[in-house]
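Chemist: Okay, handing you the structure first.
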There are 4 protein chains.
Amino acid sequence: MIDEPNEFKAVSESVVRVRYQETDQMGRVYHGNYFTWFEVGRTDFFRSMGLPYTFFENRGIWLPVVEADCKYKGFARYDDLVTIRTVLTGISPAKIKFAYRAIVDNETTVALGVTSHAFVNRTGRAVNLAKTDPELWQKIMEALV
Amino acid sequence: MIDEPNEFKAVSESVVRVRYQETDQMGRVYHGNYFTWFEVGRTDFFRSMGLPYTFFENRGIWLPVVEADCKYKGFARYDDLVTIRTVLTGISPAKIKFAYRAIVDNETTVALGVTSHAFVNRTGRAVNLAKTDPELWQKIMEALV
Amino acid sequence: MIDEPNEFKAVSESVVRVRYQETDQMGRVYHGNYFTWFEVGRTDFFRSMGLPYTFFENRGIWLPVVEADCKYKGFARYDDLVTIRTVLTGISPAKIKFAYRAIVDNETTVALGVTSHAFVNRTGRAVNLAKTDPELWQKIMEALV
Amino acid sequence: MIDEPNEFKAVSESVVRVRYQETDQMGRVYHGNYFTWFEVGRTDFFRSMGLPYTFFENRGIWLPVVEADCKYKGFARYDDLVTIRTVLTGISPAKIKFAYRAIVDNETTVALGVTSHAFVNRTGRAVNLAKTDPELWQKIMEALV
């Protein structure tokens, strides 16, 4: 497994504006919502690679989350502009991993996250992508190098 | 279309406890979350009829929302126990309608809602349920009378 | 109450990209999430007027939703770009009303909504904004004309 | 810091029924929603101790999440009954930690989570609870032993 953060310059940035719906009565963004923002980052990452995530699903490949972690260093508030920096940190024919940084006002890191995903087929069974869909695997490899 | 609220005594009650996630920075439940509670009420209504909504979907019938309205009379807070009273207010082979009342602490009505739903098939096309699935239509009629 | 949709050209447009989190197992955006998008539209509307909603709250004025309605004409899917057109449809010192249109791919209207809001103070009590905060009321009037 | 899972028998169980709103187009519960369920478990845990979380906030003590992790072993579906088992795994005057297990149909573990929380005051500053509110700290200690 390729597991070294910056081996390939696989980084993308997304910006979300905090919605009122995302706040809680502490006056902060509810902690669970950062995982939705990480998903936004991941979606943009795949698009920026030229391989939108819809393309995966249309070919019968899903990437369910098998692990999700977040460390909170501060917090975002309603109407803040939050940059989500998404980095591919590992990929194998079985798995893909990302790290995320959420930054308020282009300067304050408020959260650091990671997610791991398995490649699965329509029935939810884990697959070796290089064998199950070698063309897609090839496209990913080409996009990354 | 049968469209008179109490023609059949089709009422069910559900209780939800307000989650922190459901609050916003006003210290109240975010207005959009009441529609999720109405869905909880609807799900319980179908189950109490002996026809869980999963039964509909397993037969290839979906009930997407075509209209949803809510009037807010007050508000619920974190940790409140909220009763959702769900009433069937109309049904035809094309459509089904519900009304909802959200009540805090068994005494204060905080919201009144209505939703309308179409019967659609797997492809999303509107159907006449009495023709498309007469057995299911018959079951509904029997459960209601 | 000024209650005629186009008396003042008070319109703004927002674009949201559908998040995976916003979908449900029907493969569509969950109906309740349109209300969050309308909130995004409203937030952008206030900002485009030069009066961000945070400005209201910082002065001790809140605009809780007292009514919210949505008619669904179609549906948005994951990764769709959805334009939210927000129109101010009425304003008085007690209340403000908006209408919304959600448009997929710049051509298909998938939802039409309306929300009404009361002006309330920190304690949640309804106020006459022209009396409670005449400066803010004046700013709104100037921004609209 | 007391950091051994079963030193005190501090366990509670909550049951949630999966809402349609919580599903995504994979036909599973969206991964981020488990963190909301863990919050439900935590809320019930505090209540079962005789110290509802509202009691903390009313005294000016908040417990924001500083770390949240989840490993997904399976998935929950719409209408499933999910048991959330919440265990206190560590407490000090600065911090409190929980572990969670989400179990479908009383037999299948679908997720394992942990959260860490800091004790903070109204201004969001971290506090030593034993010094800032010795009475509350004493109550917690008594409830746990």
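We name chains A, B, ... following the order of the structure tokens; residues begin at 1 in each chain, and ligands are numbered from 1 as shown.
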Residues within 7 Å of Asp79 (chain B), please, as a compact mmCIF listing (two decimals) with N, CA, C and O atoms, in the first residue's frame. Count only C-alpha atoms; anything in the same chain fewer than 3 positions from it doesn't count.
Modeler:
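Once everything was written out, this is result34.txt:
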# COMPACT_ATOMS: atom_id res chain seq x y z
N ARG B 17 -36.94 12.33 21.59
CA ARG B 17 -36.24 13.21 22.52
C ARG B 17 -35.30 14.08 21.69
O ARG B 17 -34.59 13.56 20.83
N VAL B 18 -35.33 15.38 21.94
CA VAL B 18 -34.54 16.30 21.11
C VAL B 18 -33.04 16.03 21.28
O VAL B 18 -32.53 15.99 22.40
N ARG B 19 -32.37 15.87 20.16
CA ARG B 19 -30.93 15.65 20.14
C ARG B 19 -30.19 16.99 20.07
O ARG B 19 -30.70 17.93 19.46
Chemist: Mind fitting chain B to chain A by least squares on all Cα atoms in order and giving back the moved coordinates as a compact mmCIF listing (two decimals) with C-alpha atoms, in the first residue's frame?
Modeler:
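File written: selection-v3.txt
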# COMPACT_ATOMS: atom_id res chain seq x y z
CA MET B 1 0.03 0.04 0.07
CA ILE B 2 1.26 3.49 -0.81
CA ASP B 3 0.97 5.23 2.50
CA GLU B 4 3.09 8.32 2.48
CA PRO B 5 1.19 11.57 2.51
CA ASN B 6 3.08 13.53 -0.10
CA GLU B 7 4.41 10.88 -2.39
CA PHE B 8 2.00 12.14 -5.06
CA LYS B 9 0.80 15.73 -4.91
CA ALA B 10 -2.76 14.69 -4.48
CA VAL B 11 -4.38 17.64 -2.77
CA SER B 12 -7.54 19.57 -3.39
CA GLU B 13 -9.29 22.45 -1.67
CA SER B 14 -12.96 23.12 -1.18
CA VAL B 15 -14.72 26.03 0.50
CA VAL B 16 -17.94 25.73 2.42
CA ARG B 17 -19.87 28.50 4.11
CA VAL B 18 -21.29 27.46 7.47
CA ARG B 19 -25.06 27.01 7.39
CA TYR B 20 -27.27 27.93 10.31
CA GLN B 21 -28.52 24.35 10.20
CA GLU B 22 -24.98 23.18 10.96
CA THR B 23 -24.73 25.11 14.23
CA ASP B 24 -25.85 23.82 17.61
CA GLN B 25 -26.88 25.58 20.81
CA MET B 26 -23.24 26.00 21.79
CA GLY B 27 -23.10 28.52 18.94
CA ARG B 28 -20.60 26.34 17.11
CA VAL B 29 -20.76 23.90 14.26
CA TYR B 30 -21.95 20.54 15.58
CA HIS B 31 -18.93 18.22 15.66
CA GLY B 32 -20.50 15.54 13.47
CA ASN B 33 -20.94 17.98 10.58
CA TYR B 34 -17.22 18.10 9.89
CA PHE B 35 -17.54 14.60 8.46
CA THR B 36 -19.99 15.96 5.90
CA TRP B 37 -17.48 18.66 4.98
CA PHE B 38 -14.77 16.01 4.60
CA GLU B 39 -17.13 14.27 2.20
CA VAL B 40 -17.44 17.53 0.25
CA GLY B 41 -13.63 17.67 0.16
CA ARG B 42 -13.41 14.05 -1.06
CA THR B 43 -16.01 14.65 -3.76
CA ASP B 44 -14.07 17.66 -5.01
CA PHE B 45 -10.84 15.69 -4.82
CA PHE B 46 -12.22 12.98 -7.12
CA ARG B 47 -13.60 15.56 -9.53
CA SER B 48 -10.27 17.40 -9.63
CA MET B 49 -8.63 14.07 -10.58
CA GLY B 50 -11.00 13.84 -13.54
CA LEU B 51 -12.78 10.89 -11.92
CA PRO B 52 -15.96 12.15 -10.24
CA TYR B 53 -17.27 9.84 -7.57
CA THR B 54 -20.48 9.40 -9.59
CA PHE B 55 -18.25 7.73 -12.21
CA PHE B 56 -17.27 5.09 -9.61
CA GLU B 57 -20.87 4.40 -8.63
CA ASN B 58 -22.00 4.23 -12.24
CA ARG B 59 -19.43 1.44 -12.76
CA GLY B 60 -20.72 -0.41 -9.70
CA ILE B 61 -17.94 0.54 -7.29
CA TRP B 62 -18.76 2.12 -3.92
CA LEU B 63 -16.37 3.54 -1.34
CA PRO B 64 -18.07 3.22 2.04
CA VAL B 65 -16.26 4.71 5.01
CA VAL B 66 -14.65 2.07 7.23
CA GLU B 67 -13.02 4.50 9.63
CA ALA B 68 -13.51 8.20 10.34
CA ASP B 69 -11.64 10.27 12.90
CA CYS B 70 -11.57 13.95 13.75
CA LYS B 71 -9.56 16.06 16.17
CA TYR B 72 -11.08 19.43 16.98
CA LYS B 73 -8.62 22.29 17.51
CA GLY B 74 -11.14 25.10 17.51
CA PHE B 75 -14.54 25.65 16.01
CA ALA B 76 -16.31 27.22 13.09
CA ARG B 77 -19.31 29.52 13.48
CA TYR B 78 -22.33 30.37 11.38
CA ASP B 79 -21.46 32.17 8.14
CA ASP B 80 -17.71 31.41 8.42
CA LEU B 81 -15.94 30.47 5.23
CA VAL B 82 -14.22 27.16 5.87
CA THR B 83 -11.55 25.75 3.59
CA ILE B 84 -11.33 21.98 3.50
CA ARG B 85 -7.94 20.77 2.35
CA THR B 86 -8.12 17.13 1.25
CA VAL B 87 -5.04 14.98 0.82
CA LEU B 88 -4.86 11.44 -0.48
CA THR B 89 -2.72 9.62 2.07
CA GLY B 90 -2.85 6.05 0.85
CA ILE B 91 -4.22 3.82 -1.85
CA SER B 92 -4.22 0.11 -2.61
CA PRO B 93 -6.56 -2.02 -4.75
CA ALA B 94 -8.54 -2.66 -1.56
CA LYS B 95 -8.56 0.69 0.19
CA ILE B 96 -8.19 4.43 -0.10
CA LYS B 97 -7.34 6.89 2.66
CA PHE B 98 -7.64 10.64 3.01
CA ALA B 99 -6.62 13.30 5.49
CA TYR B 100 -8.41 16.62 5.89
CA ARG B 101 -7.76 20.01 7.41
CA ALA B 102 -10.59 22.47 8.06
CA ILE B 103 -9.39 26.07 8.12
CA VAL B 104 -11.47 29.11 9.09
CA ASP B 105 -10.77 32.45 7.38
CA ASN B 106 -7.72 31.02 5.66
CA GLU B 107 -5.74 30.98 8.87
CA THR B 108 -7.12 29.00 11.78
CA THR B 109 -7.13 25.22 11.66
CA VAL B 110 -10.24 24.10 13.48
CA ALA B 111 -10.21 20.38 12.69
CA LEU B 112 -8.00 17.59 11.40
CA GLY B 113 -9.60 14.44 10.09
CA VAL B 114 -8.91 11.14 8.40
CA THR B 115 -11.16 8.66 6.63
CA SER B 116 -10.50 5.18 5.25
CA HIS B 117 -12.66 3.62 2.57
CA ALA B 118 -12.97 0.13 1.16
CA PHE B 119 -13.72 -0.55 -2.49
CA VAL B 120 -16.91 -2.61 -2.58
CA ASN B 121 -19.21 -3.84 -5.34
CA ARG B 122 -22.96 -3.41 -5.72
CA THR B 123 -23.62 -6.18 -3.22
CA GLY B 124 -21.42 -4.50 -0.63
CA ARG B 125 -18.66 -7.08 -0.88
CA ALA B 126 -15.06 -5.84 -0.61
CA VAL B 127 -13.19 -6.13 -3.90
CA ASN B 128 -9.66 -5.91 -5.23
CA LEU B 129 -10.22 -3.02 -7.60
CA ALA B 130 -7.22 -3.90 -9.78
CA LYS B 131 -8.90 -7.24 -10.54
CA THR B 132 -12.57 -6.26 -10.45
CA ASP B 133 -12.24 -3.19 -12.62
CA PRO B 134 -8.70 -2.96 -13.99
CA GLU B 135 -9.65 -0.13 -16.33
CA LEU B 136 -10.85 2.05 -13.44
CA TRP B 137 -7.79 1.12 -11.39
CA GLN B 138 -5.58 2.11 -14.31
CA LYS B 139 -7.37 5.44 -14.65
CA ILE B 140 -6.83 6.18 -10.97
CA MET B 141 -3.15 5.31 -11.21
CA GLU B 142 -2.72 7.52 -14.25
CA ALA B 143 -4.55 10.40 -12.61
CA LEU B 144 -2.30 10.21 -9.58
CA VAL B 145 1.08 10.02 -11.23
Chemist: I need the strand (DSSP E) residues of region 54-139 of chain C per DSSP on the backbone, written as a PyMOL selection string.
Modeler: chain C and resi 65-72+81-91+95-104+108-118
Chemist: I need the residues of region 7-38 of chain C that end up classed as helix (DSSP H, G or I) by DSSP on the backbone, written out as a PDB file with C-alpha atoms, in the first residue's frame.
Modeler:
ATOM      1  CA  TYR C  20     -23.917  12.626  -0.402  1.00  0.00           C
ATOM      2  CA  GLN C  21     -25.120  13.266   3.141  1.00  0.00           C
ATOM      3  CA  GLU C  22     -28.170  15.023   1.701  1.00  0.00           C
ATOM      4  CA  ASN C  33     -32.973  19.313   3.177  1.00  0.00           C
ATOM      5  CA  TYR C  34     -34.518  21.824   0.778  1.00  0.00           C
ATOM      6  CA  PHE C  35     -35.324  23.962   3.800  1.00  0.00           C
ATOM      7  CA  THR C  36     -31.619  24.106   4.604  1.00  0.00           C
ATOM      8  CA  TRP C  37     -30.956  25.256   1.035  1.00  0.00           C
ATOM      9  CA  PHE C  38     -33.626  27.916   1.375  1.00  0.00           C
TER      10      PHE C  38
END
